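The structure appears right after this line, and notes come after that.
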2 protein chains.
Amino acid sequence: MRALYFDGARSRVVDRPEPAADADTALVRVHLAGVCNTDLEIARGYMGFRGILGHEFAGVVEQGPDDWRGARVVGEINFACGECPSCERGLGRHCPTRRVMGIVDADGAFAERVAVPVANLHRVPDAVADDAAVFVEPLAAAFEILEQVPVEAGTRCIVLGDGKLGLLVAQVLAGAGARVLAVGRHADKLAILGRRDIETALVDDGPGALESADLVVEATGSVEGFRRAVELTRPRGTLVLKSTVAEMPQVDLAPIVIHEIQVVGSRCGPFPPALDALERGDVDVLSLICDRVPLAQAERGLERAAARGAKKILIECGAG
Amino acid sequence: MRALYFDGARSRVVDRPEPAADADTALVRVHLAGVCNTDLEIARGYMGFRGILGHEFAGVVEQGPDDWRGARVVGEINFACGECPSCERGLGRHCPTRRVMGIVDADGAFAERVAVPVANLHRVPDAVADDAAVFVEPLAAAFEILEQVPVEAGTRCIVLGDGKLGLLVAQVLAGAGARVLAVGRHADKLAILGRRDIETALVDDGPGALESADLVVEATGSVEGFRRAVELTRPRGTLVLKSTVAEMPQVDLAPIVIHEIQVVGSRCGPFPPALDALERGDVDVLSLICDRVPLAQAERGLERAAARGAKKILIECGAG
């Protein structure tokens with residue numbers, strides 16, 4: 001089958017062996033896949049991954065247990081052992097021996113087919129088209145914040161960064177009743193939030209003068225974003241780190257202690273609330289799509305995704 | 001009166017004007033005061049403070065409201081405005097215009113007398129001698145962790161650092177039912193915990209091989225301690241920063257995100273549980289005293305406190 005394969009030096013669409021299904025593993029024919037910034041980092045050598053890239057997808061089960069065959073699905077990306085203390089505590093996403101689709105030791109979804117543990121599959125409701133379903137994985141990552149931090153009606157939130165994840169996070173927090181201010185660099189992206197009555201501000205408007213918030217979400221992935229996030233978190237407030245910062249920032253830890261700030265790392269999240277939100281139409285994901293390419297041109301898709309100001313690039317892997 | 005005054009360059013015992021009492025402010029005759037590492041940092045210019053040093057004390061109210069006069073007291077060090085949004089939410093310790101005894105814009109307790117807002121005073125039970133009462137402020141800082149983080153019977157805790165604060169934190173966590181491992185560099189200090197059946201390990205025994213814990217308290221104040229604390233916190237676990245790190249460490253934020261660690265800054269704490277614990281004899285503070293000097297020799301007291309391996313130095317400010 002055709003797949004976008006990263007060999008450690010570059011990523012190319014090549015022929016790869018078909019993945020195999022077994023009693024616990026389904027074979028999913030991929031309809032659509034989404035390019036995430038993590039894919040771009042991995043394609044630069046991050047995590048030392050070799051294999052087929054991609055972890056955001058929607059497709060149909062081609063081989064697997066009877067009750068799953070033919071089902072339109074999305075899949076959680078952490079393949080847990082199911083037996084270790086972490087898994088027994090329900091923390092399979094932190095299983096120390098987990099494989100992660102397209103990231104750690106497991107082939108990804110920029111391919112005609114992908115193998116996914118049956119335990120990781122979720123059915124997609126009829127009301128959610130593939131174009132939206134392909135956002136379930138990053139949207140679940142946004143919902144993860146609600147699992148970790150109390151967000152109530154009126155909680156004052158600032159989301160720093162108007163990238164794909166920032167736009168999803170802002171909508172999820174607003175949906176939970178929070179008073180959200182999204183701060184970014186792109187008027188066109190912030191307008192997506194503005195249409196949903198979420199307050200926005202351009203960085204250039206001088207966020208240094210912003211009032212501090214109960215909850216600040218750092219979704220820029222930049223050193224400067226982290227520093228600003230610390231400044232903007234009120235005493236005893238919470239700062240959620242929603243993206244890894246590639247550089248190692250020099251961090252002044254003193255304000256975190258003096259203001260008793262809680263810094264919460266946040267990664268993958270639960271699929272069910274993300275699917276529910278898409279079914280109800282609570283989150284606008286379609287406006288985040290900026291381009292789509294066929295699998296044969298996946299390399300170009302990655303290039304497009306790396307361009308400044310790009311939104312979500314979709315890769316059409318098969319018949320939709 | 002005599003007082004240890006820091007003029008921005010050095011600290012010296014000099015004559016200073018008597019502080020004044022008013023309707024809201026009591027005048028406390030200081031019996032005993034304790035030297036904290038923060039005093040040493042301030043005496044090196046940290047915080048830009050000028051004034052009388054010292055914020056850990058026990059004494060007797062000499063002037064003030066009738067019902068306080070003659071009471072043996074300790075005092076909270078954050079002098080809040082009482083009227084701002086922070087104060088109204090019960091977060092006076094985070095009042096943005098607060099003065100802080102011996103730290104920010106308020107004279108401290110290395111003196112014959114100190115002025116303390118009546119709202120900040122706490123009576124010392126008869127069963128608690130001055131030698132123990134002088135530890136209430138740092139002990140309250142240890143209890144602050146229990147205000148911020150759920151600690152249950154069996155919570156696996158690692159306390160990094162066997163300084164004064166680390167020794168108090170380990171005892172408070174053990175008292176809350178946690179399974180505590182205290183890691184330090186000084187066998188004599190760790191022995192204080194060993195006598196209370198708290199497990200200890202010397203850093204040289206190789207804490208790299210330690211199992212990760214639910215809760216790690218960083219109380220070394222060192223860059224290396226912070227890095228180790230991140231390593232030792234289990235996925236979804238909590239890292240409490242109990243001391244400011246003087247240097248700006250280069251921090252790799254990725255493990256905090258990947259393991260969804262919660263980093264909680266923790267500073268001053270509540271006095272009542274600290275007083276209760278001392279009254280019940282739940283915490284051994286007397287073993288932490290390593291020397292005492294009269295106020296006239298307070299400068300030497302600070303030097304002693306700065307010596308490697310020093311425990312608590314007390315300054316005898318008046319008749320006990």
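Following the order of the structure tokens, chains are lettered A, B, ..., residues in each are numbered from 1, and ligands are numbered from 1.
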
Return chain B as a tab-separated table (two decimals) with C-alpha atoms, in the first residue's frame, after superposing it on chain A by a least-squares fit that covers all C-alpha atoms paired in order.
chain	number	residue	atom	x	y	z
B	1	MET	CA	0.00	0.02	0.03
B	2	ARG	CA	1.07	3.65	-0.34
B	3	ALA	CA	2.10	5.52	2.80
B	4	LEU	CA	4.08	8.56	3.91
B	5	TYR	CA	7.14	6.96	5.47
B	6	PHE	CA	9.79	8.74	7.53
B	7	ASP	CA	13.13	6.96	7.29
B	8	GLY	CA	14.96	9.11	9.83
B	9	ALA	CA	16.19	11.57	7.22
B	10	ARG	CA	13.17	12.47	5.13
B	11	SER	CA	9.55	11.54	4.62
B	12	ARG	CA	8.43	10.16	1.26
B	13	VAL	CA	5.35	8.46	-0.13
B	14	VAL	CA	6.50	4.90	-0.75
B	15	ASP	CA	5.14	1.37	-0.95
B	16	ARG	CA	4.87	-0.29	2.47
B	17	PRO	CA	3.60	-3.74	3.49
B	18	GLU	CA	-0.07	-3.94	4.43
B	19	PRO	CA	-0.48	-3.96	8.23
B	20	ALA	CA	-1.90	-7.13	9.73
B	21	ALA	CA	-5.06	-7.49	11.81
B	22	ASP	CA	-5.44	-9.97	14.67
B	23	ALA	CA	-7.96	-10.72	17.43
B	24	ASP	CA	-7.18	-7.45	19.24
B	25	THR	CA	-6.19	-5.30	16.30
B	26	ALA	CA	-8.43	-3.92	13.59
B	27	LEU	CA	-7.37	-2.88	10.13
B	28	VAL	CA	-8.80	0.52	9.28
B	29	ARG	CA	-9.08	1.83	5.74
B	30	VAL	CA	-8.17	5.50	6.19
B	31	HIS	CA	-10.46	8.06	4.56
B	32	LEU	CA	-8.96	11.27	5.77
B	33	ALA	CA	-6.00	12.17	7.96
B	34	GLY	CA	-4.95	15.48	9.47
B	35	VAL	CA	-1.47	16.98	9.75
B	36	CYS	CA	-0.51	18.00	13.29
B	37	ASN	CA	2.49	20.07	14.33
B	38	THR	CA	3.80	16.99	16.09
B	39	ASP	CA	4.03	15.29	12.67
B	40	LEU	CA	6.22	18.13	11.49
B	41	GLU	CA	8.47	17.81	14.53
B	42	ILE	CA	8.72	14.05	14.07
B	43	ALA	CA	9.59	14.56	10.41
B	44	ARG	CA	12.51	16.65	11.71
B	45	GLY	CA	13.71	13.74	13.83
B	46	TYR	CA	11.95	14.47	17.15
B	47	MET	CA	11.32	11.29	19.21
B	48	GLY	CA	13.64	9.29	16.94
B	49	PHE	CA	10.64	7.78	15.17
B	50	ARG	CA	10.96	5.68	12.00
B	51	GLY	CA	7.79	4.60	10.23
B	52	ILE	CA	4.55	5.83	8.73
B	53	LEU	CA	3.61	9.29	10.02
B	54	GLY	CA	0.19	10.55	11.08
B	55	HIS	CA	-2.12	10.06	14.06
B	56	GLU	CA	-5.27	12.05	13.28
B	57	PHE	CA	-7.60	10.04	11.08
B	58	ALA	CA	-11.11	8.90	10.22
B	59	GLY	CA	-11.81	5.68	8.37
B	60	VAL	CA	-13.72	2.43	8.16
B	61	VAL	CA	-12.90	-0.91	9.79
B	62	GLU	CA	-11.99	-3.33	7.02
B	63	GLN	CA	-10.81	-6.27	9.11
B	64	GLY	CA	-11.50	-6.93	12.77
B	65	PRO	CA	-14.14	-8.31	15.13
B	66	ASP	CA	-17.58	-8.84	13.54
B	67	ASP	CA	-19.23	-6.07	15.50
B	68	TRP	CA	-16.66	-3.55	14.29
B	69	ARG	CA	-16.37	-4.50	10.62
B	70	GLY	CA	-17.77	-1.73	8.40
B	71	ALA	CA	-17.96	0.77	11.25
B	72	ARG	CA	-16.82	4.31	10.57
B	73	VAL	CA	-14.27	5.03	13.27
B	74	VAL	CA	-11.65	7.22	14.81
B	75	GLY	CA	-8.92	5.82	17.04
B	76	GLU	CA	-7.03	6.76	20.18
B	77	ILE	CA	-3.34	6.95	19.50
B	78	ASN	CA	-1.78	5.51	22.69
B	79	PHE	CA	-1.54	1.74	22.39
B	80	ALA	CA	-1.33	0.65	26.04
B	81	CYS	CA	-0.32	-2.74	27.41
B	82	GLY	CA	-3.51	-2.94	29.48
B	83	GLU	CA	-1.83	-4.78	32.33
B	84	CYS	CA	0.67	-2.51	34.10
B	85	PRO	CA	-0.11	-0.40	37.21
B	86	SER	CA	-0.71	2.69	35.03
B	87	CYS	CA	-3.19	0.83	32.85
B	88	GLU	CA	-4.91	-0.66	35.88
B	89	ARG	CA	-5.42	2.84	37.24
B	90	GLY	CA	-7.10	3.86	34.00
B	91	LEU	CA	-4.05	5.79	32.86
B	92	GLY	CA	-3.39	3.83	29.69
B	93	ARG	CA	-2.40	7.05	27.97
B	94	HIS	CA	0.57	7.01	30.35
B	95	CYS	CA	1.40	3.31	30.05
B	96	PRO	CA	5.22	3.26	30.22
B	97	THR	CA	5.50	0.66	27.46
B	98	ARG	CA	2.85	2.21	25.21
B	99	ARG	CA	3.36	2.53	21.52
B	100	VAL	CA	1.94	5.70	19.98
B	101	MET	CA	0.50	5.84	16.49
B	102	GLY	CA	2.88	7.63	14.14
B	103	ILE	CA	4.99	8.79	17.10
B	104	VAL	CA	6.46	5.87	19.05
B	105	ASP	CA	7.01	2.44	17.54
B	106	ALA	CA	3.69	2.17	15.70
B	107	ASP	CA	2.88	2.98	12.10
B	108	GLY	CA	0.61	5.94	11.54
B	109	ALA	CA	-2.35	6.98	9.43
B	110	PHE	CA	-0.86	8.77	6.41
B	111	ALA	CA	-1.47	5.51	4.56
B	112	GLU	CA	-4.17	3.54	2.82
B	113	ARG	CA	-4.61	1.39	5.91
B	114	VAL	CA	-3.61	1.56	9.54
B	115	ALA	CA	-3.64	-1.07	12.30
B	116	VAL	CA	-5.40	0.05	15.49
B	117	PRO	CA	-6.07	-1.91	18.70
B	118	VAL	CA	-9.81	-2.60	18.90
B	119	ALA	CA	-9.77	-1.13	22.42
B	120	ASN	CA	-8.76	2.20	20.91
B	121	LEU	CA	-11.60	2.48	18.38
B	122	HIS	CA	-14.60	4.81	18.69
B	123	ARG	CA	-17.60	4.81	16.36
B	124	VAL	CA	-18.30	8.10	14.58
B	125	PRO	CA	-21.96	9.23	14.77
B	126	ASP	CA	-23.70	9.61	11.40
B	127	ALA	CA	-24.10	13.33	11.96
B	128	VAL	CA	-20.33	13.78	12.04
B	129	ALA	CA	-18.77	13.81	8.56
B	130	ASP	CA	-15.21	12.61	7.99
B	131	ASP	CA	-14.09	16.23	7.60
B	132	ALA	CA	-15.09	16.83	11.21
B	133	ALA	CA	-14.25	13.38	12.58
B	134	VAL	CA	-10.61	13.83	11.61
B	135	PHE	CA	-10.45	16.53	14.31
B	136	VAL	CA	-11.50	14.21	17.14
B	137	GLU	CA	-7.94	13.49	18.27
B	138	PRO	CA	-6.82	17.13	18.68
B	139	LEU	CA	-10.26	18.08	20.01
B	140	ALA	CA	-9.91	15.35	22.64
B	141	ALA	CA	-6.58	16.92	23.59
B	142	ALA	CA	-8.46	20.16	24.19
B	143	PHE	CA	-11.06	18.36	26.32
B	144	GLU	CA	-8.21	16.89	28.37
B	145	ILE	CA	-7.95	20.27	30.11
B	146	LEU	CA	-11.46	19.80	31.54
B	147	GLU	CA	-10.33	16.44	32.98
B	148	GLN	CA	-7.41	18.06	34.75
B	149	VAL	CA	-8.53	21.49	35.87
B	150	PRO	CA	-11.84	22.72	37.31
B	151	VAL	CA	-13.43	25.06	34.76
B	152	GLU	CA	-16.67	26.69	35.84
B	153	ALA	CA	-19.10	29.24	34.54
B	154	GLY	CA	-17.23	32.51	34.76
B	155	THR	CA	-13.72	31.08	35.08
B	156	ARG	CA	-11.53	33.72	33.44
B	157	CYS	CA	-9.35	32.02	30.81
B	158	ILE	CA	-6.69	33.28	28.46
B	159	VAL	CA	-5.62	31.05	25.59
B	160	LEU	CA	-2.24	32.04	24.15
B	161	GLY	CA	-1.77	30.94	20.55
B	162	ASP	CA	-4.21	30.81	17.64
B	163	GLY	CA	-2.81	27.66	16.08
B	164	LYS	CA	-5.08	24.69	15.48
B	165	LEU	CA	-4.92	23.48	19.05
B	166	GLY	CA	-5.40	26.95	20.51
B	167	LEU	CA	-8.55	27.46	18.44
B	168	LEU	CA	-9.97	24.15	19.67
B	169	VAL	CA	-9.01	24.84	23.29
B	170	ALA	CA	-10.67	28.27	23.24
B	171	GLN	CA	-13.91	26.75	21.94
B	172	VAL	CA	-13.90	23.90	24.47
B	173	LEU	CA	-13.31	26.26	27.40
B	174	ALA	CA	-16.03	28.62	26.17
B	175	GLY	CA	-18.35	25.64	25.79
B	176	ALA	CA	-17.70	24.79	29.45
B	177	GLY	CA	-18.94	28.24	30.40
B	178	ALA	CA	-15.60	29.97	30.91
B	179	ARG	CA	-15.00	33.61	29.98
B	180	VAL	CA	-12.35	33.14	27.31
B	181	LEU	CA	-9.94	35.61	25.79
B	182	ALA	CA	-7.94	34.12	22.91
B	183	VAL	CA	-4.69	35.88	22.06
B	184	GLY	CA	-2.98	35.24	18.73
B	185	ARG	CA	-1.11	36.69	15.79
B	186	HIS	CA	-3.57	36.02	12.97
B	187	ALA	CA	-6.76	38.05	12.54
B	188	ASP	CA	-8.22	35.46	10.15
B	189	LYS	CA	-7.81	32.66	12.67
B	190	LEU	CA	-9.11	34.67	15.59
B	191	ALA	CA	-12.14	35.55	13.46
B	192	ILE	CA	-13.20	31.89	13.63
B	193	LEU	CA	-13.55	32.38	17.39
B	194	GLY	CA	-15.11	35.82	17.01
B	195	ARG	CA	-17.93	34.28	15.03
B	196	ARG	CA	-18.64	32.12	18.07
B	197	ASP	CA	-18.71	35.15	20.36
B	198	ILE	CA	-15.35	34.39	21.92
B	199	GLU	CA	-13.33	37.47	22.79
B	200	THR	CA	-10.02	37.75	20.95
B	201	ALA	CA	-6.98	40.00	20.90
B	202	LEU	CA	-3.99	40.30	18.62
B	203	VAL	CA	-0.63	39.98	20.34
B	204	ASP	CA	0.31	43.29	18.76
B	205	ASP	CA	-2.44	44.96	20.78
B	206	GLY	CA	-0.12	44.50	23.74
B	207	PRO	CA	-1.14	41.54	25.88
B	208	GLY	CA	1.30	42.77	28.51
B	209	ALA	CA	-1.51	45.05	29.64
B	210	LEU	CA	-4.04	42.21	29.92
B	211	GLU	CA	-5.58	41.42	33.27
B	212	SER	CA	-4.38	38.19	34.79
B	213	ALA	CA	-6.65	35.17	34.51
B	214	ASP	CA	-7.67	32.18	36.63
B	215	LEU	CA	-6.56	29.81	33.89
B	216	VAL	CA	-4.01	30.46	31.16
B	217	VAL	CA	-3.44	27.92	28.40
B	218	GLU	CA	-0.06	28.11	26.67
B	219	ALA	CA	-0.62	26.84	23.15
B	220	THR	CA	2.04	28.75	21.24
B	221	GLY	CA	4.84	26.28	21.86
B	222	SER	CA	7.25	29.18	22.17
B	223	VAL	CA	9.58	30.25	24.96
B	224	GLU	CA	8.08	33.72	24.83
B	225	GLY	CA	4.59	32.25	25.13
B	226	PHE	CA	5.58	30.36	28.26
B	227	ARG	CA	7.02	33.47	29.90
B	228	ARG	CA	3.94	35.49	29.06
B	229	ALA	CA	1.69	32.71	30.34
B	230	VAL	CA	3.42	32.81	33.75
B	231	GLU	CA	2.93	36.59	33.87
B	232	LEU	CA	-0.75	36.34	32.98
B	233	THR	CA	-1.67	33.67	35.53
B	234	ARG	CA	-3.18	35.14	38.69
B	235	PRO	CA	-1.86	34.17	42.13
B	236	ARG	CA	-3.05	30.63	42.93
B	237	GLY	CA	-4.18	30.34	39.29
B	238	THR	CA	-3.45	27.57	36.80
B	239	LEU	CA	-1.22	27.54	33.75
B	240	VAL	CA	-1.88	24.66	31.35
B	241	LEU	CA	1.00	23.70	29.08
B	242	LYS	CA	-0.76	22.42	25.99
B	243	SER	CA	2.24	22.15	23.73
B	244	THR	CA	5.81	21.13	24.19
B	245	VAL	CA	8.29	23.93	23.81
B	246	ALA	CA	11.01	22.79	21.45
B	247	GLU	CA	13.75	24.91	23.02
B	248	MET	CA	14.74	24.65	26.67
B	249	PRO	CA	13.67	27.99	28.03
B	250	GLN	CA	15.50	29.63	30.91
B	251	VAL	CA	12.68	29.67	33.38
B	252	ASP	CA	12.48	31.90	36.41
B	253	LEU	CA	10.71	29.60	38.83
B	254	ALA	CA	10.41	32.29	41.53
B	255	PRO	CA	7.10	33.77	40.29
B	256	ILE	CA	5.60	30.27	40.20
B	257	VAL	CA	6.45	29.85	43.89
B	258	ILE	CA	5.67	33.41	45.01
B	259	HIS	CA	2.27	33.44	43.30
B	260	GLU	CA	1.67	29.75	44.06
B	261	ILE	CA	0.84	29.04	40.45
B	262	GLN	CA	-0.06	25.54	39.38
B	263	VAL	CA	1.54	24.52	36.06
B	264	VAL	CA	-0.25	21.57	34.50
B	265	GLY	CA	1.15	19.62	31.58
B	266	SER	CA	-1.62	18.42	29.29
B	267	ARG	CA	-1.40	16.01	26.38
B	268	CYS	CA	-3.85	13.51	24.83
B	269	GLY	CA	-7.45	13.47	25.93
B	270	PRO	CA	-10.72	11.54	26.02
B	271	PHE	CA	-12.48	10.86	22.69
B	272	PRO	CA	-16.14	10.58	23.86
B	273	PRO	CA	-16.69	14.25	24.82
B	274	ALA	CA	-14.98	15.32	21.59
B	275	LEU	CA	-17.29	13.13	19.51
B	276	ASP	CA	-20.30	14.41	21.46
B	277	ALA	CA	-19.29	18.03	20.90
B	278	LEU	CA	-18.94	17.45	17.16
B	279	GLU	CA	-22.30	15.67	17.02
B	280	ARG	CA	-23.98	18.61	18.76
B	281	GLY	CA	-22.13	21.13	16.57
B	282	ASP	CA	-20.66	22.81	19.65
B	283	VAL	CA	-17.24	23.28	18.10
B	284	ASP	CA	-16.47	24.71	14.66
B	285	VAL	CA	-13.72	22.56	13.22
B	286	LEU	CA	-14.51	22.87	9.52
B	287	SER	CA	-13.33	26.49	9.44
B	288	LEU	CA	-9.92	25.23	10.52
B	289	ILE	CA	-9.40	23.30	7.28
B	290	CYS	CA	-7.21	25.28	4.92
B	291	ASP	CA	-6.26	22.71	2.30
B	292	ARG	CA	-6.46	19.04	1.33
B	293	VAL	CA	-4.09	16.93	-0.73
B	294	PRO	CA	-4.26	13.35	-1.97
B	295	LEU	CA	-2.03	10.79	-0.23
B	296	ALA	CA	0.25	10.73	-3.26
B	297	GLN	CA	1.10	14.37	-2.49
B	298	ALA	CA	1.37	13.97	1.28
B	299	GLU	CA	4.90	15.41	1.27
B	300	ARG	CA	3.51	18.62	-0.15
B	301	GLY	CA	0.84	18.46	2.55
B	302	LEU	CA	3.49	18.52	5.24
B	303	GLU	CA	5.21	21.45	3.55
B	304	ARG	CA	1.93	23.34	3.41
B	305	ALA	CA	1.28	22.62	7.08
B	306	ALA	CA	4.69	24.04	7.98
B	307	ALA	CA	3.98	27.36	6.29
B	308	ARG	CA	3.47	30.31	8.61
B	309	GLY	CA	-0.21	30.91	9.35
B	310	ALA	CA	-1.34	27.53	7.96
B	311	LYS	CA	-4.38	25.94	9.49
B	312	LYS	CA	-5.31	22.25	9.22
B	313	ILE	CA	-4.10	20.36	6.14
B	314	LEU	CA	-6.03	17.18	5.39
B	315	ILE	CA	-4.62	14.21	3.51
B	316	GLU	CA	-7.14	12.25	1.47
B	317	CYS	CA	-5.99	8.68	1.93
B	318	GLY	CA	-8.86	6.79	0.32
B	319	ALA	CA	-12.46	6.89	-0.88
B	320	GLY	CA	-14.49	9.00	1.57

Backbone DSSP call of helix (DSSP H, G or I) for segment 20-246 of chain A, listed as a PyMOL selection string: chain A and resi 37-42+46-48+85-88+92-94+118-120+130-133+136-148+164-175+187-194+203-205+207-209+223-232
